[in-house]
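Chemist: My questions will all concern the structure given below.
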Amino acid sequence: MRALRLESWKSEPVLTEVPTPVPGPGEVLVQVGAAGACHSDLHLMHDFEPGTLPWGPPFTLGHENAGWVHAVGPGVAGLEPGQPVAVVGAWGCGRCARCLAGLETYCEDPAAAPAPGGGGGLGLDGGMADFLLVPAARQLVPLPDGFSPVLAAPLTDAGLTPYHAVRRSLGKLTPTSTAVVVGAGGLGHLAVQILRALTAAHIIAVDPKETARQLAKTSGADLLLAPGPDLVDEVRAATRGHGADVVLDFVGSDSSLAAAAAVTRPLGDLTIVGIAGGSLPVSFFGLAYEASVQTTYWGNRSELVELLDLAARGLLTPEISTFPLEKGPQVYAGLAAGDITGRAVVVPSAEYTP
Ligand code: NAD
Ligand code: ZN
């Protein structure tokens, strides 16, 4: 089968032929209908080096996947070939308290997981291929009726990650509150839509790209701003001088974090989702009083079920552009150049073939 693989750190992915996996006991082979191209894959290609993470190349990229059940291994019940499914991306040990609660991102026994802290496309072979081997049936969520893998794939990360982050701050997102979304790309435009669907907060979106700001606007943002020297004053002016109750930073650079911290009001939440490698000095007078700074990593299985329900009812409309698997390298080049608006999704198969 075809697979887009990261062969080593600090390299571009290559399209190659690999053997089609055969599902063993408990495993499921998924025919991939869609695999989203996440900015995290650019960090994998360009920023990381041996020792940064507990796993490494070679592996097939693609951690944002959906498709159809193709074959099940011995002992798997309740899944039929051809059934459309979304793939839960973080693969834990499946036995610890957190995995049993569906929180496999924070598995307590990573040494017993298929890849410690990883999953398909993150240390193990992912979905930028004709088929994806999923280690357990619990990591699949059946799609709502009529819901396509192309729509579902971006929800498993570009949707799930902001959904998890927004849910963590829901108590602060009252009708009089303001949420700031920094970076309105794949994750950020869905953060705006999720805020709109779940809350009545005022929403400010920040992005240097005009196309991204326009997408944030159609996604439901009330005010669009560009990063730069005026940003902090502009957010203060829009919030009667108070600053924002919740700031979600989908960039995570030194400058975005500095701006995010400067606009977070007392008792507010600053959530760092972007992994651009910046840092934020934390000190008594460096942040608003009682502001919380938190990172979030991906989301839970139950949150993905909720998110699919939200989307199936038409309350989320991911902005998606699709490409054949052969175009995978160009898709990542386009993402790195800032040419993608919303989410780019690679489609190895447009329909299920038994
Ligand atoms: P993307 O490339 O689709 O979008 C990034 C957006 O940020 C672009 O629109 C870009 O113009 C904008 N931007 C760049 N610099 C900015 C600045 N200084 N201020 C405001 N906006 C700026 O990327 P994505 O796939 O949405 O991923 C966003 C980040 O989230 C990446 O760092 C990615 O690795 C990370 N990520 C984290 C998790 C997690 O679990 N924490 C999960 C997925 C992705
Ligand atoms: Zn991702």
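Here's how to read the names in the structure tokens: chain A, B, ... by the order shown, residue numbers from 1 in each chain, ligand numbers from 1 in the order shown.
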Write out as a Markdown table the residues of chain A that have any atom within 6 Å of an atom of ligand 1, one row each with the nearest atom pair and its distance in Å to one decimal, counting only C-alpha atoms and all ligand atoms, sorted by chain and then rising number.
Modeler:
```
| residue | atom | partner | partner_atom_place_in_ligand_line | distance |
| --- | --- | --- | --- | --- |
| A:Cys38 | CA | ligand 1 | 25 (O) | 4.1 |
| A:His39 | CA | ligand 1 | 25 (O) | 3.8 |
| A:Ser40 | CA | ligand 1 | 34 (O) | 3.3 |
| A:Asp157 | CA | ligand 1 | 43 (C) | 6.0 |
| A:Thr161 | CA | ligand 1 | 40 (O) | 5.5 |
| A:Val182 | CA | ligand 1 | 20 (C) | 4.7 |
| A:Gly183 | CA | ligand 1 | 21 (N) | 3.4 |
| A:Ala184 | CA | ligand 1 | 9 (O) | 4.7 |
| A:Gly185 | CA | ligand 1 | 4 (O) | 3.3 |
| A:Gly186 | CA | ligand 1 | 26 (O) | 3.7 |
| A:Leu187 | CA | ligand 1 | 26 (O) | 3.8 |
| A:Gly188 | CA | ligand 1 | 26 (O) | 5.7 |
| A:Val206 | CA | ligand 1 | 20 (C) | 5.0 |
| A:Asp207 | CA | ligand 1 | 21 (N) | 3.7 |
| A:Pro208 | CA | ligand 1 | 11 (O) | 5.4 |
| A:Lys209 | CA | ligand 1 | 11 (O) | 5.1 |
| A:Ala212 | CA | ligand 1 | 9 (O) | 5.3 |
| A:Pro227 | CA | ligand 1 | 19 (N) | 5.0 |
| A:Phe250 | CA | ligand 1 | 29 (C) | 4.7 |
| A:Val251 | CA | ligand 1 | 29 (C) | 5.1 |
| A:Ser256 | CA | ligand 1 | 18 (N) | 4.8 |
| A:Val273 | CA | ligand 1 | 41 (N) | 4.0 |
| A:Gly274 | CA | ligand 1 | 30 (O) | 3.6 |
| A:Ile275 | CA | ligand 1 | 32 (O) | 4.0 |
| A:Ala276 | CA | ligand 1 | 32 (O) | 5.0 |
| A:Thr296 | CA | ligand 1 | 41 (N) | 5.2 |
| A:Tyr297 | CA | ligand 1 | 40 (O) | 3.4 |
| A:Trp298 | CA | ligand 1 | 40 (O) | 3.7 |
| A:Leu335 | CA | ligand 1 | 2 (O) | 5.9 |
```
Chemist: To test your reading of the structure, identify every residue in range 16-243 of chain A that backbone DSSP assigns to strand (DSSP E or B), and report it as an NGL selection string.
Modeler: :A and (16-17 or 28-36 or 59-60 or 65-72 or 84-87 or 90 or 119-120 or 122-124 or 129 or 131-134 or 140-142 or 178-182 or 202-206 or 223-225)
Chemist: Check range 241-345 of chain A with DSSP on the backbone and list each residue it calls alpha helix (DSSP H), as an MDAnalysis selection string.
Modeler: chainID A and resid 254:263 301:312 328:336
Chemist: Measure the distance from CA of Val22 in chain A to CA of Cys99 in chain A in Å and round it to one decimal.
Modeler: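 Separation between CA of Val22 in chain A and CA of Cys99 in chain A: 25.0 Å.
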Chemist: Near Ala153 in chain A, within 7 Å and counting only C-alpha atoms, which residues show up once chain neighbours fewer than 2 positions away are dropped, as a list in words?
Modeler: Ala34, Ala35, Gly36, Glu64, Asn65, Ala66, Ala86, Pro149, Val150, Leu151, Leu155 and Thr156 of chain A
Chemist: Set the distance at 9 Å and use only C-alpha atoms: which residues neighbour range 194-197 of chain A once local chain neighbours fewer than 5 positions away are removed? I'd like the list as a ChimeraX atom specification.
Modeler: /A:159,162-163,166,173,179,189,202-203,219-221,307,310,315-316
Chemist: Can you write just those residues out, N, CA, C and O atoms, as an mmCIF file, in the first residue's frame?
Modeler:
```
data_model
loop_
_atom_site.group_PDB
_atom_site.id
_atom_site.type_symbol
_atom_site.label_atom_id
_atom_site.label_comp_id
_atom_site.auth_asym_id
_atom_site.auth_seq_id
_atom_site.Cartn_x
_atom_site.Cartn_y
_atom_site.Cartn_z
ATOM 1 N N GLY A 159 -10.558 19.729 15.633
ATOM 2 C CA GLY A 159 -11.766 20.027 16.399
ATOM 3 C C GLY A 159 -11.639 19.604 17.850
ATOM 4 O O GLY A 159 -11.957 20.362 18.774
ATOM 5 N N PRO A 162 -9.248 21.973 20.370
ATOM 6 C CA PRO A 162 -9.891 23.170 20.920
ATOM 7 C C PRO A 162 -11.138 22.865 21.745
ATOM 8 O O PRO A 162 -11.426 23.570 22.714
ATOM 9 N N TYR A 163 -11.868 21.795 21.398
ATOM 10 C CA TYR A 163 -13.063 21.448 22.195
ATOM 11 C C TYR A 163 -12.658 21.136 23.636
ATOM 12 O O TYR A 163 -13.272 21.623 24.590
ATOM 13 N N VAL A 166 -11.606 24.450 25.302
ATOM 14 C CA VAL A 166 -12.754 25.318 25.618
ATOM 15 C C VAL A 166 -13.534 24.743 26.803
ATOM 16 O O VAL A 166 -13.920 25.464 27.727
ATOM 17 N N LEU A 173 -16.729 31.305 30.683
ATOM 18 C CA LEU A 173 -17.204 31.839 29.399
ATOM 19 C C LEU A 173 -18.677 32.236 29.499
ATOM 20 O O LEU A 173 -19.551 31.705 28.814
ATOM 21 N N ALA A 179 -13.526 35.856 24.943
ATOM 22 C CA ALA A 179 -12.530 34.835 24.624
ATOM 23 C C ALA A 179 -11.684 35.338 23.461
ATOM 24 O O ALA A 179 -12.221 35.887 22.498
ATOM 25 N N HIS A 189 -9.849 28.155 13.737
ATOM 26 C CA HIS A 189 -11.173 28.486 13.173
ATOM 27 C C HIS A 189 -12.239 27.599 13.810
ATOM 28 O O HIS A 189 -13.368 28.024 14.023
ATOM 29 N N HIS A 202 -18.160 36.917 23.980
ATOM 30 C CA HIS A 202 -17.652 37.737 22.879
ATOM 31 C C HIS A 202 -16.358 37.078 22.398
ATOM 32 O O HIS A 202 -15.544 36.650 23.203
ATOM 33 N N ILE A 203 -16.189 37.011 21.088
ATOM 34 C CA ILE A 203 -15.028 36.284 20.550
ATOM 35 C C ILE A 203 -14.163 37.216 19.722
ATOM 36 O O ILE A 203 -14.635 37.859 18.782
ATOM 37 N N SER A 219 -16.770 32.090 10.859
ATOM 38 C CA SER A 219 -16.903 31.077 11.909
ATOM 39 C C SER A 219 -17.597 31.628 13.145
ATOM 40 O O SER A 219 -17.942 30.856 14.037
ATOM 41 N N GLY A 220 -17.736 32.952 13.226
ATOM 42 C CA GLY A 220 -18.491 33.520 14.344
ATOM 43 C C GLY A 220 -17.748 34.499 15.227
ATOM 44 O O GLY A 220 -18.279 34.903 16.272
ATOM 45 N N ALA A 221 -16.541 34.912 14.838
ATOM 46 C CA ALA A 221 -15.816 35.878 15.668
ATOM 47 C C ALA A 221 -16.453 37.264 15.553
ATOM 48 O O ALA A 221 -16.919 37.659 14.486
ATOM 49 N N LEU A 307 -18.399 16.035 20.062
ATOM 50 C CA LEU A 307 -18.071 16.924 18.951
ATOM 51 C C LEU A 307 -18.709 16.449 17.641
ATOM 52 O O LEU A 307 -19.231 17.253 16.854
ATOM 53 N N LEU A 310 -22.272 17.388 17.720
ATOM 54 C CA LEU A 310 -22.416 18.826 17.442
ATOM 55 C C LEU A 310 -22.348 19.084 15.933
ATOM 56 O O LEU A 310 -23.151 19.834 15.370
ATOM 57 N N LEU A 315 -23.888 22.329 13.715
ATOM 58 C CA LEU A 315 -23.403 23.439 14.545
ATOM 59 C C LEU A 315 -21.914 23.718 14.354
ATOM 60 O O LEU A 315 -21.384 24.672 14.913
ATOM 61 N N LEU A 316 -21.250 22.877 13.589
ATOM 62 C CA LEU A 316 -19.843 23.125 13.220
ATOM 63 C C LEU A 316 -19.720 22.909 11.718
ATOM 64 O O LEU A 316 -20.277 21.951 11.191
#
```
Chemist: Taking into account only C-alpha atoms, which residue in the set A:Thr176, A:Gly299, A:Val305, A:Pro135 is nearest to Tyr106 in chain A?
Modeler: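 Closest to Tyr106 in chain A, using only C-alpha atoms: A:Gly299.
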Chemist: Counting only C-alpha atoms and all ligand atoms, which residue out of A:Gly121, A:Gly241, A:Val72, A:Ser11 sits closest to ligand 2?
Modeler: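 Distance minimum relative to ligand 2 lands on A:Gly121.
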Chemist: Do a neighbour search on Ser283 in chain A at 12 Å with only C-alpha atoms, toss out local chain neighbours closer than 5 positions, and write the hits as a PDB file with N, CA, C and O atoms, in the first residue's frame.
Modeler:
```pdb
ATOM      1  N   ALA A 261      -0.506  36.705  27.379  1.00  0.00           N
ATOM      2  CA  ALA A 261      -0.434  36.971  28.825  1.00  0.00           C
ATOM      3  C   ALA A 261      -0.855  38.402  29.127  1.00  0.00           C
ATOM      4  O   ALA A 261      -1.536  38.672  30.121  1.00  0.00           O
ATOM      5  N   ALA A 288      -1.635  38.712  35.330  1.00  0.00           N
ATOM      6  CA  ALA A 288      -2.748  39.253  36.104  1.00  0.00           C
ATOM      7  C   ALA A 288      -2.991  38.339  37.314  1.00  0.00           C
ATOM      8  O   ALA A 288      -2.782  37.119  37.239  1.00  0.00           O
ATOM      9  N   TYR A 289      -3.437  38.944  38.419  1.00  0.00           N
ATOM     10  CA  TYR A 289      -3.676  38.168  39.638  1.00  0.00           C
ATOM     11  C   TYR A 289      -4.656  37.025  39.396  1.00  0.00           C
ATOM     12  O   TYR A 289      -5.681  37.197  38.749  1.00  0.00           O
ATOM     13  N   GLU A 290      -4.328  35.906  39.952  1.00  0.00           N
ATOM     14  CA  GLU A 290      -5.162  34.692  39.892  1.00  0.00           C
ATOM     15  C   GLU A 290      -5.475  34.222  38.488  1.00  0.00           C
ATOM     16  O   GLU A 290      -6.442  33.494  38.268  1.00  0.00           O
ATOM     17  N   ALA A 291      -4.683  34.678  37.525  1.00  0.00           N
ATOM     18  CA  ALA A 291      -4.822  34.107  36.177  1.00  0.00           C
ATOM     19  C   ALA A 291      -4.190  32.710  36.197  1.00  0.00           C
ATOM     20  O   ALA A 291      -3.189  32.482  36.878  1.00  0.00           O
ATOM     21  N   SER A 292      -4.796  31.786  35.460  1.00  0.00           N
ATOM     22  CA  SER A 292      -4.258  30.427  35.348  1.00  0.00           C
ATOM     23  C   SER A 292      -3.594  30.259  33.995  1.00  0.00           C
ATOM     24  O   SER A 292      -4.163  30.659  32.979  1.00  0.00           O
ATOM     25  N   VAL A 293      -2.418  29.673  33.990  1.00  0.00           N
ATOM     26  CA  VAL A 293      -1.760  29.319  32.732  1.00  0.00           C
ATOM     27  C   VAL A 293      -1.762  27.802  32.640  1.00  0.00           C
ATOM     28  O   VAL A 293      -1.361  27.121  33.590  1.00  0.00           O
TER      29      VAL A 293
END
```
